[in-house]
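With mmCIF, C-alpha atoms inside, this is upload-v9.cif:
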```
data_target
#
loop_
_atom_site.label_atom_id
_atom_site.label_comp_id
_atom_site.auth_asym_id
_atom_site.auth_seq_id
_atom_site.Cartn_x
_atom_site.Cartn_y
_atom_site.Cartn_z
CA MET E 137 -11.50 12.10 -29.62
CA GLN E 138 -7.96 10.74 -29.59
CA PRO E 139 -6.27 14.21 -29.45
CA LEU E 140 -8.53 15.18 -26.53
CA MET E 141 -7.59 12.01 -24.67
CA ASN E 142 -3.90 12.76 -25.26
CA ILE E 143 -4.35 16.27 -23.85
CA GLN E 144 -6.06 14.84 -20.76
CA VAL E 145 -3.21 12.37 -20.22
CA ILE E 146 -0.61 15.14 -20.59
CA LEU E 147 -2.47 17.36 -18.11
CA SER E 148 -2.76 14.48 -15.66
CA LEU E 149 0.95 13.68 -15.93
CA SER E 150 1.87 17.35 -15.48
CA LEU E 151 -0.06 17.43 -12.19
CA TYR E 152 1.76 14.33 -10.97
CA ALA E 153 5.14 15.78 -11.98
CA ARG E 154 4.60 19.05 -10.09
CA MET E 155 7.56 20.16 -7.96
CA VAL E 156 7.49 21.50 -4.42
CA ILE E 157 10.20 23.22 -2.40
CA ILE E 158 10.33 22.14 1.22
CA GLU E 159 12.11 24.35 3.73
CA PRO E 160 13.72 23.19 6.99
CA SER E 161 10.78 22.91 9.40
CA LYS E 162 9.69 21.76 12.84
CA ILE E 163 6.83 19.25 12.85
CA LYS E 164 4.63 19.23 15.94
CA GLY E 165 1.00 19.08 17.03
CA GLU E 166 -1.87 16.60 16.88
CA ILE E 167 -3.15 14.54 13.96
CA VAL E 168 -5.67 11.78 13.25
CA ALA E 169 -4.03 9.03 11.21
CA PRO E 170 -5.39 8.73 7.66
CA PRO E 171 -7.50 5.64 6.93
CA SER E 172 -5.78 2.38 6.10
CA LYS E 173 -5.41 1.85 2.38
CA SER E 174 -4.90 -1.90 2.86
CA TYR E 175 -8.04 -2.41 4.95
CA SER E 176 -10.03 -0.23 2.51
CA HIS E 177 -9.06 -2.42 -0.46
CA ARG E 178 -9.94 -5.62 1.37
CA ALA E 179 -13.23 -4.37 2.79
CA LEU E 180 -14.39 -3.19 -0.65
CA ALA E 181 -13.45 -6.46 -2.36
CA ILE E 182 -15.16 -8.61 0.28
CA SER E 183 -18.26 -6.37 0.17
CA LEU E 184 -18.52 -7.01 -3.58
CA LEU E 185 -18.64 -10.78 -2.98
CA SER E 186 -21.00 -10.61 0.01
CA GLN E 187 -24.57 -11.83 0.17
CA GLU E 188 -25.86 -8.79 2.07
CA GLU E 189 -25.38 -5.02 2.11
CA SER E 190 -22.18 -3.73 3.71
CA SER E 191 -21.68 -0.55 5.73
CA LEU E 192 -18.11 0.77 5.66
CA ASN E 193 -16.87 3.81 7.55
CA ASN E 194 -13.65 5.81 7.21
CA VAL E 195 -12.83 4.37 3.77
CA SER E 196 -9.71 5.86 2.20
CA LEU E 197 -10.14 8.18 -0.79
CA ALA E 198 -6.59 7.55 -2.05
CA ASN E 199 -6.29 7.05 -5.79
CA ASP E 200 -5.35 3.39 -5.32
CA VAL E 201 -8.54 2.76 -3.36
CA LYS E 202 -10.57 4.67 -5.95
CA ALA E 203 -9.32 2.10 -8.46
CA THR E 204 -10.77 -0.67 -6.30
CA LEU E 205 -14.00 1.28 -5.82
CA ASN E 206 -14.29 1.60 -9.60
CA ALA E 207 -13.67 -2.14 -9.97
CA ILE E 208 -16.46 -3.20 -7.61
CA GLU E 209 -18.88 -0.85 -9.38
CA GLN E 210 -17.91 -2.19 -12.79
CA MET E 211 -18.53 -5.72 -11.50
CA GLY E 212 -22.05 -4.87 -10.35
CA ALA E 213 -21.91 -3.36 -6.85
CA HIS E 214 -24.10 -0.35 -6.08
CA VAL E 215 -22.22 2.16 -3.92
CA LYS E 216 -23.93 4.88 -1.87
CA ILE E 217 -21.41 7.52 -0.69
CA ARG E 218 -22.16 9.57 2.42
CA ASN E 219 -20.22 11.92 4.74
CA LYS E 220 -17.34 12.49 2.35
CA GLY E 221 -14.27 14.26 3.79
CA HIS E 222 -10.76 15.24 2.66
CA ASP E 223 -9.31 11.74 2.59
CA MET E 224 -12.13 9.47 3.83
CA THR E 225 -15.76 8.62 3.25
CA ASN E 226 -18.51 6.45 4.70
CA MET E 227 -20.51 4.27 2.34
CA LYS E 228 -23.03 1.51 1.90
CA ILE E 229 -22.41 -1.20 -0.69
CA VAL E 230 -25.15 -3.34 -2.20
CA PRO E 231 -23.53 -6.39 -3.83
CA PRO E 232 -24.80 -7.87 -7.11
CA SER E 233 -26.63 -11.19 -7.08
CA LYS E 234 -23.90 -12.42 -9.43
CA LEU E 235 -20.70 -10.75 -10.61
CA LYS E 236 -20.80 -8.86 -13.91
CA VAL E 237 -18.08 -8.91 -16.52
CA PRO E 238 -16.94 -5.25 -16.76
CA SER E 239 -18.35 -3.51 -19.82
CA ASN E 240 -14.95 -1.97 -20.49
CA ILE E 241 -11.30 -2.62 -19.68
CA LEU E 242 -10.76 -2.67 -15.92
CA TYR E 243 -8.23 0.15 -15.51
CA CYS E 244 -6.45 -0.18 -12.16
CA ARG E 245 -4.44 3.07 -12.29
CA GLY E 246 -1.19 2.40 -10.40
CA SER E 247 -2.71 0.09 -7.79
CA GLY E 248 -0.97 -3.26 -7.50
CA THR E 249 -3.51 -4.37 -4.89
CA THR E 250 -6.42 -3.63 -7.23
CA ILE E 251 -5.11 -5.52 -10.24
CA ARG E 252 -3.99 -8.47 -8.13
CA PHE E 253 -7.24 -8.75 -6.17
CA PHE E 254 -9.47 -8.39 -9.21
CA THR E 255 -7.52 -10.73 -11.44
CA SER E 256 -8.68 -13.65 -9.32
CA ILE E 257 -12.09 -12.09 -8.58
CA ALA E 258 -12.67 -11.78 -12.36
CA SER E 259 -12.41 -15.56 -12.62
CA LEU E 260 -15.60 -15.80 -10.50
CA THR E 261 -17.87 -14.30 -13.18
CA SER E 262 -20.15 -16.94 -14.71
CA VAL E 263 -19.10 -16.33 -18.32
CA GLY E 264 -17.05 -13.96 -20.44
CA TYR E 265 -13.60 -12.39 -20.30
CA THR E 266 -12.26 -9.49 -18.20
CA VAL E 267 -9.31 -7.38 -19.38
CA LEU E 268 -7.22 -5.65 -16.68
CA THR E 269 -4.44 -3.11 -17.05
CA GLY E 270 -3.04 0.07 -15.48
CA ASN E 271 -0.48 2.84 -15.84
CA ASP E 272 3.17 2.44 -16.91
CA SER E 273 4.30 1.57 -13.39
CA LEU E 274 1.60 -1.06 -12.93
CA ARG E 275 2.41 -2.69 -16.26
CA ARG E 276 5.85 -3.46 -14.84
CA ARG E 277 4.52 -5.24 -11.72
CA PRO E 278 4.92 -9.05 -11.78
CA MET E 279 1.71 -11.06 -12.09
CA GLY E 280 2.97 -14.43 -13.33
CA PRO E 281 2.75 -16.32 -10.00
CA LEU E 282 -0.88 -15.25 -9.56
CA LEU E 283 -1.81 -16.25 -13.11
CA ASP E 284 -0.20 -19.67 -12.54
CA ALA E 285 -2.06 -20.11 -9.25
CA ILE E 286 -5.42 -19.29 -10.85
CA ILE E 287 -4.77 -22.01 -13.43
CA GLN E 288 -3.79 -24.45 -10.66
CA LEU E 289 -7.16 -23.75 -9.00
CA GLY E 290 -9.13 -24.49 -12.16
CA GLY E 291 -9.41 -20.99 -13.67
CA TRP E 292 -7.86 -19.42 -16.76
CA ALA E 293 -5.83 -16.20 -16.93
CA ILE E 294 -3.03 -14.95 -19.17
CA SER E 295 -0.71 -12.02 -19.75
CA THR E 296 -1.45 -10.59 -23.21
CA LYS E 297 2.31 -10.28 -23.83
CA MET E 298 2.94 -13.75 -22.40
CA ASN E 299 5.56 -12.32 -20.03
CA GLY E 300 3.66 -12.36 -16.74
CA LEU E 301 2.99 -8.60 -16.87
CA PRO E 302 -0.25 -6.65 -17.49
CA PRO E 303 -2.39 -6.26 -19.53
CA LEU E 304 -4.17 -9.42 -18.41
CA VAL E 305 -7.14 -11.42 -19.69
CA VAL E 306 -9.17 -13.55 -17.27
CA ARG E 307 -11.92 -15.99 -18.28
CA GLY E 308 -14.98 -16.39 -16.10
CA GLY E 309 -16.49 -19.70 -15.04
CA GLY E 310 -15.37 -19.91 -11.43
CA LEU E 311 -12.57 -21.55 -9.48
CA ASP E 312 -12.62 -25.26 -8.69
CA GLY E 313 -10.42 -24.93 -5.60
CA GLY E 314 -7.67 -27.33 -4.59
CA ILE E 315 -4.01 -26.65 -3.93
CA ALA E 316 -1.90 -23.88 -5.47
CA SER E 317 1.82 -23.39 -4.91
CA ILE E 318 3.04 -19.77 -5.06
CA PRO E 319 6.47 -18.16 -4.50
CA GLY E 320 6.37 -16.65 -1.02
CA ASN E 321 8.99 -13.95 -1.55
CA VAL E 322 7.43 -11.83 -4.35
CA SER E 323 4.16 -10.37 -3.06
CA SER E 324 1.69 -11.20 -0.30
CA GLN E 325 -1.01 -9.71 -2.56
CA PHE E 326 -1.07 -12.94 -4.60
CA PHE E 327 -2.11 -14.85 -1.49
CA SER E 328 -4.61 -12.25 -0.27
CA SER E 329 -6.22 -12.16 -3.72
CA LEU E 330 -6.81 -15.91 -3.75
CA MET E 331 -7.94 -15.91 -0.12
CA ILE E 332 -10.71 -13.44 -1.00
CA SER E 333 -11.79 -15.15 -4.23
CA GLY E 334 -11.45 -18.55 -2.53
CA SER E 335 -14.51 -17.69 -0.46
CA LEU E 336 -16.57 -18.40 -3.60
CA SER E 337 -14.61 -21.35 -5.00
CA ARG E 338 -16.31 -24.71 -5.52
CA SER E 339 -14.15 -26.46 -2.94
CA GLU E 340 -11.56 -25.72 -0.29
CA VAL E 341 -8.53 -23.63 -1.32
CA GLU E 342 -5.07 -24.40 0.06
CA LEU E 343 -2.24 -22.01 -0.80
CA VAL E 344 1.29 -23.30 -0.26
CA PRO E 345 4.18 -20.77 -0.21
CA LYS E 346 7.34 -21.84 -2.01
CA GLY E 347 10.30 -20.61 0.01
CA GLU E 348 10.11 -17.93 2.70
CA LEU E 349 6.77 -16.16 3.11
CA VAL E 350 7.23 -12.38 3.31
CA SER E 351 4.74 -9.75 4.49
CA LYS E 352 2.70 -12.30 6.47
CA PRO E 353 0.90 -9.58 8.51
CA TYR E 354 -0.92 -8.60 5.32
CA LEU E 355 -2.33 -12.14 5.12
CA ASP E 356 -3.37 -11.89 8.76
CA MET E 357 -5.17 -8.67 7.84
CA THR E 358 -7.01 -10.41 4.99
CA ALA E 359 -7.91 -13.38 7.19
CA THR E 360 -9.21 -11.06 9.93
CA LEU E 361 -11.66 -9.34 7.58
CA LEU E 362 -12.75 -12.66 6.04
CA ARG E 363 -13.47 -14.05 9.49
CA ILE E 364 -15.48 -10.93 10.36
CA ALA E 365 -17.49 -11.77 7.21
CA GLU E 366 -17.89 -15.34 8.56
CA VAL E 367 -15.51 -17.00 6.08
CA LYS E 368 -13.19 -19.59 7.61
CA ALA E 369 -9.63 -18.51 6.91
CA ASN E 370 -6.49 -19.91 8.50
CA VAL E 371 -2.98 -18.53 7.92
CA GLU E 372 0.12 -20.52 8.88
CA SER E 373 3.73 -20.08 7.81
CA ASN E 374 3.59 -23.10 5.49
CA ARG E 375 0.00 -22.95 4.22
CA ILE E 376 -3.13 -20.80 3.98
CA LEU E 377 -6.52 -22.51 4.05
CA ILE E 378 -9.86 -21.05 2.92
CA ARG E 379 -13.16 -22.91 3.29
CA PRO E 380 -15.69 -21.59 0.74
CA SER E 381 -18.63 -19.66 2.14
CA ARG E 382 -20.15 -16.53 0.65
CA PRO E 383 -19.24 -13.62 2.95
CA ILE E 384 -21.96 -11.89 4.90
CA GLY E 385 -22.14 -8.12 4.62
CA LEU E 386 -19.50 -6.18 6.54
CA ASN E 387 -20.23 -3.54 9.15
CA PHE E 388 -16.73 -2.21 9.60
CA THR E 389 -14.80 0.97 10.37
CA ILE E 390 -11.46 1.24 8.60
CA PRO E 391 -8.69 1.89 11.15
CA GLY E 392 -5.96 4.49 10.80
CA ASP E 393 -2.94 3.51 8.73
CA PHE E 394 0.34 3.01 10.62
CA GLY E 395 2.33 3.16 7.39
CA LEU E 396 0.89 6.51 6.37
CA ALA E 397 1.29 7.90 9.88
CA ALA E 398 4.93 6.77 9.85
CA PRO E 399 6.25 9.77 7.85
CA LEU E 400 4.48 12.15 10.23
CA MET E 401 6.02 10.41 13.24
CA ALA E 402 9.48 10.38 11.69
CA ALA E 403 9.20 14.05 10.70
CA ALA E 404 8.38 15.08 14.26
CA SER E 405 11.36 13.12 15.54
CA ILE E 406 14.08 14.31 13.17
CA THR E 407 12.96 17.95 13.36
CA GLY E 408 12.87 17.95 17.16
CA GLY E 409 9.10 18.24 17.45
CA ARG E 410 6.42 16.41 19.40
CA LEU E 411 3.48 14.68 17.72
CA GLU E 412 0.30 13.10 19.07
CA VAL E 413 -1.29 10.62 16.64
CA SER E 414 -4.79 9.23 17.24
CA GLY E 415 -6.95 6.81 15.28
CA LEU E 416 -4.51 3.87 15.28
CA ASN E 417 -5.73 0.45 16.41
CA PHE E 418 -3.30 -2.17 17.72
CA ASP E 419 -6.10 -4.75 17.98
CA LEU E 420 -6.31 -5.16 14.19
CA PRO E 421 -3.21 -6.58 12.44
CA GLN E 422 -1.14 -4.15 10.36
CA ALA E 423 2.34 -4.87 9.04
CA ASP E 424 3.36 -1.24 9.36
CA SER E 425 2.61 -1.09 13.09
CA LEU E 426 6.26 -2.14 13.16
CA ILE E 427 7.05 1.59 12.77
CA ILE E 428 6.75 1.84 16.57
CA GLU E 429 9.62 -0.63 17.03
CA VAL E 430 11.59 1.04 14.23
CA LEU E 431 11.37 4.41 15.99
CA LYS E 432 12.38 2.86 19.30
CA SER E 433 15.32 1.15 17.61
CA PHE E 434 16.69 4.59 16.72
CA GLY E 435 16.18 5.75 20.31
CA VAL E 436 13.12 7.90 19.54
CA LYS E 437 10.78 8.32 22.51
CA VAL E 438 7.39 6.67 21.95
CA ARG E 439 4.55 6.74 24.48
CA ILE E 440 1.44 4.67 23.78
CA ASN E 441 -1.82 5.67 25.49
CA ARG E 442 -5.38 4.45 25.00
CA GLU E 443 -6.25 7.50 22.91
CA ASN E 444 -3.03 8.25 21.06
CA ILE E 445 0.65 7.66 20.40
CA ILE E 446 3.10 10.43 21.34
CA ILE E 447 6.39 10.80 19.47
CA SER E 448 9.25 12.97 20.75
CA GLY E 449 13.04 13.02 20.73
CA ILE E 450 15.50 12.82 17.87
CA PRO E 451 17.15 9.58 16.62
CA VAL E 452 20.14 9.03 18.92
CA ARG E 453 21.61 5.74 17.69
CA SER E 454 21.92 3.52 14.64
CA ALA E 455 19.72 0.47 14.12
CA ASN E 456 19.80 -2.96 12.49
CA LEU E 457 16.37 -3.56 10.93
CA ASN E 458 14.89 -6.55 9.11
CA LEU E 459 11.75 -5.28 7.34
CA LYS E 460 10.76 -8.43 5.43
CA ASP E 461 7.22 -8.26 6.81
CA ALA E 462 6.88 -4.48 6.42
CA PRO E 463 8.69 -3.50 3.19
CA ASP E 464 6.67 -0.29 2.79
CA LEU E 465 8.57 1.12 5.78
CA LEU E 466 11.88 0.99 3.88
CA PRO E 467 11.82 4.61 2.56
CA ILE E 468 10.98 6.25 5.89
CA ALA E 469 13.30 3.94 7.86
CA ALA E 470 16.10 4.94 5.48
CA VAL E 471 15.40 8.61 6.22
CA LEU E 472 15.49 8.00 9.98
CA ALA E 473 18.81 6.19 9.52
CA SER E 474 20.16 9.19 7.62
CA PHE E 475 19.78 11.40 10.71
CA ALA E 476 20.88 8.80 13.28
CA PRO E 477 24.52 8.72 14.36
CA GLY E 478 26.46 5.63 13.29
CA THR E 479 25.85 3.05 10.59
CA SER E 480 22.40 1.46 10.21
CA VAL E 481 21.51 -1.65 8.21
CA ILE E 482 18.08 -2.24 6.65
CA SER E 483 17.66 -5.75 5.24
CA GLY E 484 15.09 -8.37 4.21
CA VAL E 485 13.37 -6.15 1.64
CA PHE E 486 14.38 -7.53 -1.76
CA HIS E 487 10.66 -7.48 -2.63
CA ALA E 488 10.74 -3.67 -2.23
CA ARG E 489 12.43 -3.63 -5.65
CA MET E 490 9.10 -4.73 -7.16
CA LYS E 491 6.85 -2.05 -5.69
CA GLU E 492 5.73 1.16 -7.45
CA SER E 493 9.42 1.67 -8.09
CA ASN E 494 12.67 -0.04 -7.17
CA ARG E 495 12.69 1.43 -3.69
CA ILE E 496 16.13 0.12 -2.75
CA SER E 497 17.96 1.63 -5.72
CA ASN E 498 15.88 4.79 -5.80
CA MET E 499 16.29 5.59 -2.10
CA ARG E 500 20.05 5.05 -2.44
CA SER E 501 20.06 7.48 -5.36
CA GLU E 502 18.11 10.23 -3.59
CA LEU E 503 19.82 9.95 -0.22
CA SER E 504 23.19 10.12 -1.96
CA LYS E 505 22.17 13.38 -3.65
CA ALA E 506 21.48 14.85 -0.20
CA GLY E 507 24.95 13.92 1.02
CA VAL E 508 24.13 10.67 2.84
CA ILE E 509 26.67 7.83 2.53
CA VAL E 510 24.67 4.80 1.34
CA GLU E 511 25.61 1.32 0.21
CA GLU E 512 23.07 -0.70 -1.76
CA MET E 513 22.68 -4.40 -0.95
CA ARG E 514 20.61 -6.98 -2.81
CA ASP E 515 17.95 -6.89 -0.08
CA GLY E 516 18.42 -3.49 1.54
CA LEU E 517 20.64 -0.55 2.40
CA VAL E 518 23.60 0.27 4.64
CA ILE E 519 23.39 3.93 5.72
CA LYS E 520 25.96 6.04 7.52
CA GLY E 521 23.92 8.68 9.32
CA GLY E 522 24.55 12.30 10.18
CA HIS E 523 25.47 13.61 6.72
CA VAL E 524 22.25 15.18 5.38
CA ARG E 525 23.11 18.48 3.71
CA GLY E 526 20.00 19.14 1.59
CA GLY E 527 19.88 22.01 -0.87
CA VAL E 528 19.32 19.65 -3.81
CA LYS E 529 16.65 18.57 -6.28
CA LEU E 530 15.15 15.18 -5.48
CA ASN E 531 13.05 12.77 -7.56
CA SER E 532 10.12 10.80 -6.16
CA TRP E 533 10.36 8.24 -9.00
CA GLY E 534 6.57 8.21 -9.35
CA ASP E 535 6.34 6.55 -5.94
CA HIS E 536 4.09 7.95 -3.21
CA ARG E 537 6.09 6.48 -0.33
CA ILE E 538 9.37 7.83 -1.67
CA PHE E 539 7.80 11.28 -2.04
CA MET E 540 6.63 11.24 1.59
CA ALA E 541 10.02 10.01 2.80
CA LEU E 542 11.88 12.71 0.84
CA SER E 543 9.53 15.36 2.25
CA VAL E 544 10.56 14.28 5.74
CA LEU E 545 14.24 14.28 4.71
CA SER E 546 13.85 17.82 3.38
CA ALA E 547 12.13 19.06 6.54
CA GLY E 548 15.10 17.87 8.58
CA SER E 549 17.79 19.17 6.22
CA SER E 550 19.73 22.37 6.81
CA LYS E 551 18.84 23.74 3.35
CA PRO E 552 15.60 23.67 1.30
CA CYS E 553 15.10 20.79 -1.13
CA THR E 554 13.07 20.65 -4.33
CA ILE E 555 11.10 17.42 -4.81
CA GLU E 556 9.64 16.40 -8.14
CA GLY E 557 6.41 14.42 -8.41
CA SER E 558 4.24 15.66 -5.56
CA GLY E 559 1.07 14.43 -7.29
CA TRP E 560 1.97 10.79 -6.72
CA VAL E 561 1.25 11.11 -3.01
CA SER E 562 -2.48 11.01 -3.86
CA ASP E 563 -2.07 7.29 -4.56
CA SER E 564 -2.15 6.65 -0.82
CA TYR E 565 -2.48 9.89 1.19
CA PRO E 566 -4.19 12.70 -0.78
CA ASN E 567 -3.99 15.25 2.04
CA PHE E 568 -0.40 14.49 3.07
CA LEU E 569 1.01 17.93 2.24
CA GLY E 570 -2.02 19.66 3.76
CA ASP E 571 -1.67 17.72 7.00
CA MET E 572 2.09 18.29 7.11
CA LYS E 573 1.58 22.00 6.52
CA ASP E 574 -0.87 22.10 9.45
CA LEU E 575 1.85 20.48 11.56
CA GLY E 576 4.43 23.09 10.61
CA LEU E 577 5.95 22.03 7.29
CA VAL E 578 7.01 25.05 5.24
CA ILE E 579 6.17 24.44 1.57
CA ASN E 580 6.66 26.48 -1.58
CA GLY E 581 5.14 25.48 -4.88
#
```
File written out as structure tokens:
Amino acid sequence: MQPLMNIQVILSLSLYARMVIIEPSKIKGEIVAPPSKSYSHRALAISLLSQEESSLNNVSLANDVKATLNAIEQMGAHVKIRNKGHDMTNMKIVPPSKLKVPSNILYCRGSGTTIRFFTSIASLTSVGYTVLTGNDSLRRRPMGPLLDAIIQLGGWAISTKMNGLPPLVVRGGGLDGGIASIPGNVSSQFFSSLMISGSLSRSEVELVPKGELVSKPYLDMTATLLRIAEVKANVESNRILIRPSRPIGLNFTIPGDFGLAAPLMAAASITGGRLEVSGLNFDLPQADSLIIEVLKSFGVKVRINRENIIISGIPVRSANLNLKDAPDLLPIAAVLASFAPGTSVISGVFHARMKESNRISNMRSELSKAGVIVEEMRDGLVIKGGHVRGGVKLNSWGDHRIFMALSVLSAGSSKPCTIEGSGWVSDSYPNFLGDMKDLGLVING
């Protein structure tokens, strides 16, 4: 059995490492934004803890979300899939009367959201121990602050290597509640995880950020869904408060994802095209809705209608961007800066070093290969635009957002670029290359 498993792993890795050649292209047309990965994770996790059946529409089928879907099933939820499409599905979720300890190791693939959400959720089982791990990238993601917070709230969780990294072991028995102090500048996922599990704690949960709180819009997103499920959740800059109440079932349609639409918008701009994007909802909080202001900062024309957002016009000026609340926009903002005249500064994203890859160092490396003059700072990049030559081999570093950003860079370059690691894009946007091809991207490989 072991040799067969090794062959399967090798085949899987070879698919992820596949290279594509992207020719200079013009991106234009109409597109429906892919479903939000962040809302999909949260809706699935809350549905698991709910007292009634949930009905979820437009759920993402990205690999990261599949990891969360697997987790809720292993913990006792019954999932009925219907109307499955390329990158979305509708489903009904029947929650268990009480959470089950998974019968096997909870494998979270490369999804930081999954392992962080389900580390605290695992503490809500009545008895037993849950083991959580993931791929090589995930086993380098920091978990220590979350493990400490679980202990502060009356639970028990450890890193098997005692270094704050996965694999993790979590003991059931529930959370007492109380106050937990957590560094605010590492990951908002620690807070969102405890907000969700706090709905079933024995008493009120108060989370206190130590230092500056980054990525606050993600906490607003979590609080919004909890309130829809009739859980009292309050997010302030200096504390987050959850009053325990078992969520009711959700009846919710996942909105389009601004962060995943961002590469499409940027591609249309830098290649001189025109793009109409529908399916985005400004009424629900999303950190990456900041992409609209990012585009405007570079002088890109953005028109917002009731039905869609229209992008046109190339970047015409440099920008000074602080992306502390939207670190996932760093790769695509760096690409926009590469085509904009003048020197742009992107700051406030030290926490982007602790994502699927070190996005600051890796974007500096890849942009430099393509002829862009880049200076790396502790918390961002300084980019002198207008020097993209292309004609090089680029590395996605096993990071879906870097792959998408480099695809856009290649489309706007004067010479074709080869990009390694196209398979990683399935972590967030499985049909990215298909959608880009429909919009005019010329792809070989």
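Taking atom CA of Pro319 of chain E and atom CA of His487 of chain E as the two end points, the separation is 11.6 Å.
Relative to atom CA of Val215 of chain E, atom CA of Ser186 of chain E is found at 13.4 Å.
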Residues returned when the PyMOL selection byres ((chain E and resi 452) around 7) runs on this file, as a ChimeraX atom specification: /E:434-435,450-451,453,476-477
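Of the residues listed (E:Val578, E:Val263, E:Leu377, E:Leu343), E:Val263 shows the shortest atom-to-atom separation from Gly309 of chain E; distances use only C-alpha atoms.
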Best match for closeness to Ala398 of chain E among E:Ala293, E:Ile427, E:Ile167, E:Ile519, counting only C-alpha atoms: E:Ile427
Explicit residue set for the PyMOL selection byres ((chain E and resi 467) around 7), as a PyMOL selection string: chain E and resi 465-466+468-471+499+537-538+541
Emit the selected residues as a PDB file, in the coordinates of the input, including C-alpha atoms.
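Saved result, out.pdb, follows:
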```pdb
ATOM      1  CA  LEU E 465       8.570   1.120   5.780  1.00  0.00           C
ATOM      2  CA  LEU E 466      11.880   0.990   3.880  1.00  0.00           C
ATOM      3  CA  ILE E 468      10.980   6.250   5.890  1.00  0.00           C
ATOM      4  CA  ALA E 469      13.300   3.940   7.860  1.00  0.00           C
ATOM      5  CA  ALA E 470      16.100   4.940   5.480  1.00  0.00           C
ATOM      6  CA  VAL E 471      15.400   8.610   6.220  1.00  0.00           C
ATOM      7  CA  MET E 499      16.290   5.590  -2.100  1.00  0.00           C
ATOM      8  CA  ARG E 537       6.090   6.480  -0.330  1.00  0.00           C
ATOM      9  CA  ILE E 538       9.370   7.830  -1.670  1.00  0.00           C
ATOM     10  CA  ALA E 541      10.020  10.010   2.800  1.00  0.00           C
TER      11      ALA E 541
END
```
Within 7 Å of file point (-8.7, -10.8, -22.2), counting all atoms listed in the file, expressed as a PyMOL selection string: chain E and resi 265-267+304-306
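With distances taken over all atoms listed in the file, E:Ala285 is the one residue among E:Ala285, E:Val528, E:Ile390, E:Ile364 lying closest to Gly334 of chain E.
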Output file request: segment 345-358 of chain E, with C-alpha atoms, as a CSV table (one decimal), in the first residue's frame.
```csv
chain,number,residue,atom,x,y,z
E,345,PRO,CA,-5.7,41.8,20.3
E,346,LYS,CA,-2.1,42.5,21.5
E,347,GLY,CA,-0.7,45.3,19.3
E,348,GLU,CA,-2.2,46.4,16.0
E,349,LEU,CA,-5.1,44.3,14.6
E,350,VAL,CA,-4.5,43.5,10.9
E,351,SER,CA,-7.1,42.2,8.4
E,352,LYS,CA,-10.0,43.5,10.5
E,353,PRO,CA,-12.5,43.2,7.5
E,354,TYR,CA,-12.2,39.4,7.8
E,355,LEU,CA,-13.4,39.6,11.4
E,356,ASP,CA,-16.3,41.8,10.2
E,357,MET,CA,-17.1,39.0,7.6
E,358,THR,CA,-17.1,36.4,10.4
```
